[in-house]
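Peer 1: This one is work.pdb, PDB, C-alpha atoms, pLDDT in the B column.
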```pdb
ATOM      1  CA  MET A   3      19.039   1.970  16.912  1.00 94.00           C
ATOM      2  CA  ILE A   4      16.939   0.757  13.974  1.00 97.00           C
ATOM      3  CA  LEU A   5      17.349  -2.540  12.135  1.00 97.00           C
ATOM      4  CA  TYR A   6      16.243  -2.920   8.536  1.00 98.00           C
ATOM      5  CA  ASN A   7      15.684  -6.670   8.304  1.00 98.00           C
ATOM      6  CA  VAL A   8      15.443  -8.408   4.919  1.00 97.00           C
ATOM      7  CA  THR A   9      14.356 -12.055   5.041  1.00 97.00           C
ATOM      8  CA  SER A  10      15.002 -14.039   1.870  1.00 96.00           C
ATOM      9  CA  ASN A  11      14.006 -17.532   0.792  1.00 96.00           C
ATOM     10  CA  ILE A  12      16.491 -18.785  -1.803  1.00 97.00           C
ATOM     11  CA  SER A  13      16.009 -21.794  -4.057  1.00 96.00           C
ATOM     12  CA  ASP A  14      18.460 -24.604  -3.418  1.00 95.00           C
ATOM     13  CA  GLU A  15      19.789 -24.321  -6.974  1.00 95.00           C
ATOM     14  CA  VAL A  16      21.291 -20.852  -6.410  1.00 97.00           C
ATOM     15  CA  VAL A  17      21.873 -20.629  -2.655  1.00 97.00           C
ATOM     16  CA  THR A  18      25.668 -21.000  -2.870  1.00 97.00           C
ATOM     17  CA  GLN A  19      25.873 -18.352  -5.608  1.00 97.00           C
ATOM     18  CA  TRP A  20      23.495 -16.071  -3.656  1.00 97.00           C
ATOM     19  CA  LEU A  21      25.547 -16.344  -0.444  1.00 98.00           C
ATOM     20  CA  ASP A  22      28.772 -15.489  -2.262  1.00 98.00           C
ATOM     21  CA  TRP A  23      27.128 -12.565  -4.080  1.00 97.00           C
ATOM     22  CA  MET A  24      25.548 -11.236  -0.886  1.00 97.00           C
ATOM     23  CA  ASN A  25      28.849 -11.364   1.004  1.00 98.00           C
ATOM     24  CA  THR A  26      31.026  -9.871  -1.734  1.00 97.00           C
ATOM     25  CA  ILE A  27      28.684  -7.563  -3.682  1.00 96.00           C
ATOM     26  CA  HIS A  28      25.262  -6.771  -2.228  1.00 97.00           C
ATOM     27  CA  ILE A  29      25.911  -6.275   1.490  1.00 97.00           C
ATOM     28  CA  PRO A  30      28.984  -4.098   0.782  1.00 98.00           C
ATOM     29  CA  ALA A  31      26.822  -2.080  -1.663  1.00 97.00           C
ATOM     30  CA  MET A  32      24.153  -1.614   1.010  1.00 97.00           C
ATOM     31  CA  LEU A  33      26.757  -0.420   3.509  1.00 98.00           C
ATOM     32  CA  SER A  34      28.263   1.926   0.908  1.00 97.00           C
ATOM     33  CA  THR A  35      24.973   3.862   0.723  1.00 97.00           C
ATOM     34  CA  GLY A  36      26.099   5.491   3.972  1.00 97.00           C
ATOM     35  CA  LYS A  37      22.730   4.782   5.606  1.00 98.00           C
ATOM     36  CA  PHE A  38      23.856   1.694   7.546  1.00 98.00           C
ATOM     37  CA  PHE A  39      26.877   1.211   9.786  1.00 98.00           C
ATOM     38  CA  ASN A  40      26.801  -2.576  10.184  1.00 97.00           C
ATOM     39  CA  ALA A  41      25.120  -5.705   8.852  1.00 98.00           C
ATOM     40  CA  ARG A  42      24.574  -9.226  10.131  1.00 98.00           C
ATOM     41  CA  MET A  43      23.426 -12.295   8.189  1.00 98.00           C
ATOM     42  CA  VAL A  44      21.772 -15.223   9.945  1.00 98.00           C
ATOM     43  CA  LYS A  45      20.344 -18.462   8.638  1.00 97.00           C
ATOM     44  CA  VAL A  46      16.765 -19.309   9.597  1.00 96.00           C
ATOM     45  CA  LEU A  47      16.761 -22.880  10.912  1.00 95.00           C
ATOM     46  CA  VAL A  48      13.043 -23.551  10.459  1.00 88.00           C
ATOM     47  CA  GLU A  49      12.322 -25.452   7.254  1.00 81.00           C
ATOM     48  CA  GLU A  50       9.881 -23.712   4.925  1.00 79.00           C
ATOM     49  CA  GLU A  51       7.058 -25.635   3.243  1.00 82.00           C
ATOM     50  CA  MET A  52       8.066 -24.054  -0.057  1.00 81.00           C
ATOM     51  CA  GLY A  53      11.575 -25.502   0.253  1.00 87.00           C
ATOM     52  CA  GLY A  54      14.781 -23.614  -0.301  1.00 94.00           C
ATOM     53  CA  GLN A  55      16.844 -21.996   2.418  1.00 96.00           C
ATOM     54  CA  THR A  56      15.968 -18.860   4.341  1.00 97.00           C
ATOM     55  CA  TYR A  57      18.337 -16.148   5.530  1.00 97.00           C
ATOM     56  CA  SER A  58      17.838 -12.857   7.322  1.00 98.00           C
ATOM     57  CA  VAL A  59      20.131  -9.879   6.807  1.00 98.00           C
ATOM     58  CA  GLN A  60      19.897  -7.126   9.388  1.00 98.00           C
ATOM     59  CA  TYR A  61      21.232  -3.706   8.442  1.00 98.00           C
ATOM     60  CA  TYR A  62      21.914  -1.374  11.380  1.00 98.00           C
ATOM     61  CA  THR A  63      21.186   2.360  11.219  1.00 98.00           C
ATOM     62  CA  ASN A  64      21.139   5.010  13.917  1.00 96.00           C
ATOM     63  CA  THR A  65      17.844   6.740  13.121  1.00 96.00           C
ATOM     64  CA  LYS A  66      14.491   6.269  11.440  1.00 96.00           C
ATOM     65  CA  GLU A  67      15.347   9.343   9.333  1.00 97.00           C
ATOM     66  CA  LEU A  68      18.380   7.590   7.845  1.00 97.00           C
ATOM     67  CA  LEU A  69      16.211   4.592   7.003  1.00 97.00           C
ATOM     68  CA  GLU A  70      13.678   6.907   5.339  1.00 98.00           C
ATOM     69  CA  ARG A  71      16.513   8.407   3.276  1.00 97.00           C
ATOM     70  CA  TYR A  72      17.503   4.878   2.230  1.00 98.00           C
ATOM     71  CA  TYR A  73      13.929   4.275   1.021  1.00 97.00           C
ATOM     72  CA  LEU A  74      13.916   7.534  -0.962  1.00 98.00           C
ATOM     73  CA  GLU A  75      17.425   7.397  -2.397  1.00 97.00           C
ATOM     74  CA  ASP A  76      18.499   3.755  -2.659  1.00 97.00           C
ATOM     75  CA  ALA A  77      15.806   1.125  -2.008  1.00 96.00           C
ATOM     76  CA  ASP A  78      14.455   0.726  -5.554  1.00 94.00           C
ATOM     77  CA  ARG A  79      17.945   0.371  -7.004  1.00 94.00           C
ATOM     78  CA  MET A  80      19.018  -2.131  -4.355  1.00 93.00           C
ATOM     79  CA  ARG A  81      15.866  -4.251  -4.813  1.00 92.00           C
ATOM     80  CA  ARG A  82      16.465  -4.321  -8.562  1.00 91.00           C
ATOM     81  CA  HIS A  83      20.045  -5.330  -7.791  1.00 87.00           C
ATOM     82  CA  VAL A  84      18.746  -8.588  -6.275  1.00 91.00           C
ATOM     83  CA  GLN A  85      15.934  -9.176  -8.765  1.00 91.00           C
ATOM     84  CA  ASN A  86      18.143  -8.616 -11.818  1.00 91.00           C
ATOM     85  CA  LYS A  87      20.626 -11.163 -10.513  1.00 91.00           C
ATOM     86  CA  PHE A  88      18.307 -13.867  -9.133  1.00 93.00           C
ATOM     87  CA  ALA A  89      14.806 -13.175 -10.550  1.00 89.00           C
ATOM     88  CA  ASN A  90      12.325 -15.764  -9.254  1.00 90.00           C
ATOM     89  CA  ASN A  91      14.925 -17.761  -7.310  1.00 95.00           C
ATOM     90  CA  VAL A  92      14.735 -15.381  -4.334  1.00 95.00           C
ATOM     91  CA  LEU A  93      11.626 -14.254  -2.461  1.00 94.00           C
ATOM     92  CA  GLU A  94      12.142 -11.381  -0.028  1.00 94.00           C
ATOM     93  CA  PHE A  95      10.288  -9.322   2.512  1.00 94.00           C
ATOM     94  CA  ALA A  96      11.538  -6.513   4.728  1.00 96.00           C
ATOM     95  CA  THR A  97      10.671  -5.424   8.251  1.00 97.00           C
ATOM     96  CA  GLU A  98      11.759  -2.519  10.419  1.00 97.00           C
ATOM     97  CA  LEU A  99      12.842  -3.256  13.970  1.00 96.00           C
ATOM     98  CA  GLU A 100      13.744  -0.939  16.825  1.00 94.00           C
ATOM     99  CA  VAL A 101      16.259  -2.094  19.409  1.00 92.00           C
ATOM    100  CA  VAL A 102      14.716  -1.558  22.836  1.00 94.00           C
ATOM    101  CA  GLY A 103      17.378  -3.312  24.881  1.00 93.00           C
ATOM    102  CA  GLU A 104      20.468  -5.474  24.724  1.00 88.00           C
ATOM    103  CA  TYR A 105      21.349  -7.765  27.593  1.00 94.00           C
TER
END
```
Rewrite the structure from the file as structure tokens, please.
Peer 2:
Amino acid sequence: MILYNVTSNISDEVVTQWLDWMNTIHIPAMLSTGKFFNARMVKVLVEEEMGGQTYSVQYYTNTKELLERYYLEDADRMRRHVQNKFANNVLEFATELEVVGEY
């Protein structure tokens, strides 16, 4: 199983709006691409020097090939989705993770 992890730092001014939008619009749109079968959002409890609040959203996919298809077919549109809505109020970076065990 592969996790596509997107970590976002959100300015305090828009965090409530961002959370609502993520839960009702963006995460459902990511799942509707058909590349991911589940998603989980967690709040990062470490305070950032830059301020704001940090969240991580993990999108679950079965194969690296499906994730590659997401990059080719959907990633640019989905990144613009966030940037068009929140511009400089959200800073993001993505990482790929492979599940090697669950206990």
Peer 1: Show me as a ChimeraX atom specification the residues that reach within 6 Å of (14.8, -7.6, 10.1), counting all atoms listed in the file and using the file's own coordinates.
Peer 2: /A:6-8,60,97-98
Peer 1: Applied to this file, what does the PyMOL selection byres ((chain A and resi 36) around 12) return in terms of residues, put as a PyMOL selection string?
Peer 2: chain A and resi 30-35+37-40+61-64+68-69+71-72+75-76
Peer 1: Show which residues sit within 10 Å of Tyr57 of chain A, as an MDAnalysis selection string. Count all atoms listed in the file, and ignore same-chain residues fewer than 4 positions away.
Peer 2: chainID A and resid 8:12 17 21 43:47 94
Peer 1: Take the selection from the previous step and output its residues with C-alpha atoms, as an mmCIF file, keeping the file's coordinate frame.
Peer 2:
```
data_model
loop_
_atom_site.group_PDB
_atom_site.id
_atom_site.type_symbol
_atom_site.label_atom_id
_atom_site.label_comp_id
_atom_site.auth_asym_id
_atom_site.auth_seq_id
_atom_site.Cartn_x
_atom_site.Cartn_y
_atom_site.Cartn_z
ATOM 1 C CA VAL A 8 15.443 -8.408 4.919
ATOM 2 C CA THR A 9 14.356 -12.055 5.041
ATOM 3 C CA SER A 10 15.002 -14.039 1.870
ATOM 4 C CA ASN A 11 14.006 -17.532 0.792
ATOM 5 C CA ILE A 12 16.491 -18.785 -1.803
ATOM 6 C CA VAL A 17 21.873 -20.629 -2.655
ATOM 7 C CA LEU A 21 25.547 -16.344 -0.444
ATOM 8 C CA MET A 43 23.426 -12.295 8.189
ATOM 9 C CA VAL A 44 21.772 -15.223 9.945
ATOM 10 C CA LYS A 45 20.344 -18.462 8.638
ATOM 11 C CA VAL A 46 16.765 -19.309 9.597
ATOM 12 C CA LEU A 47 16.761 -22.880 10.912
ATOM 13 C CA GLU A 94 12.142 -11.381 -0.028
#
```
Peer 1: What's around Thr65 of chain A at 9 Å? Count all atoms listed in the file, leave out sequence neighbours fewer than 5 positions away in its own chain, and write the answer as a PyMOL selection string.
Peer 2: chain A and resi 3-4+70
Peer 1: Using the selection just defined, write its residues with C-alpha atoms as a PDB file, keeping the file's coordinate frame.
Peer 2:
```
ATOM      1  CA  MET A   3      19.039   1.970  16.912  1.00 94.00           C
ATOM      2  CA  ILE A   4      16.939   0.757  13.974  1.00 97.00           C
ATOM      3  CA  GLU A  70      13.678   6.907   5.339  1.00 98.00           C
TER       4      GLU A  70
END
```
Peer 1: Could you work out an axis-aligned box for segment 18-37 of chain A, taking every atom the file lists and adding 5 Å on each side, and report centre and edge lengths in Å to one decimal, as AutoDock Vina command-line options?
Peer 2:
```
--center_x 26.9 --center_y -7.8 --center_z 0.0 --size_x 18.3 --size_y 36.5 --size_z 21.2
```
Peer 1: What's the separation between atom CA of Val92 of chain A and atom CA of Ser13 of chain A, in Å to one decimal place?
Peer 2: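 So the two atoms, atom CA of Val92 of chain A and atom CA of Ser13 of chain A, lie 6.5 Å apart.
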Peer 1: Pick the closest to Tyr73 of chain A from A:Val16, A:Asn90, A:Ala96, A:Ile29: which is it, counting only C-alpha atoms?
Peer 2: A:Ala96
Peer 1: Between atom CA of Asn25 of chain A and atom CA of Glu49 of chain A, what is the spacing in Å?
Peer 2: 22.6 Å
Peer 1: Just the number, please: distance in Å from atom CA of Leu5 of chain A to atom CA of Leu99 of chain A, one decimal.
Peer 2: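 Between these atoms lies a distance of 4.9 Å.
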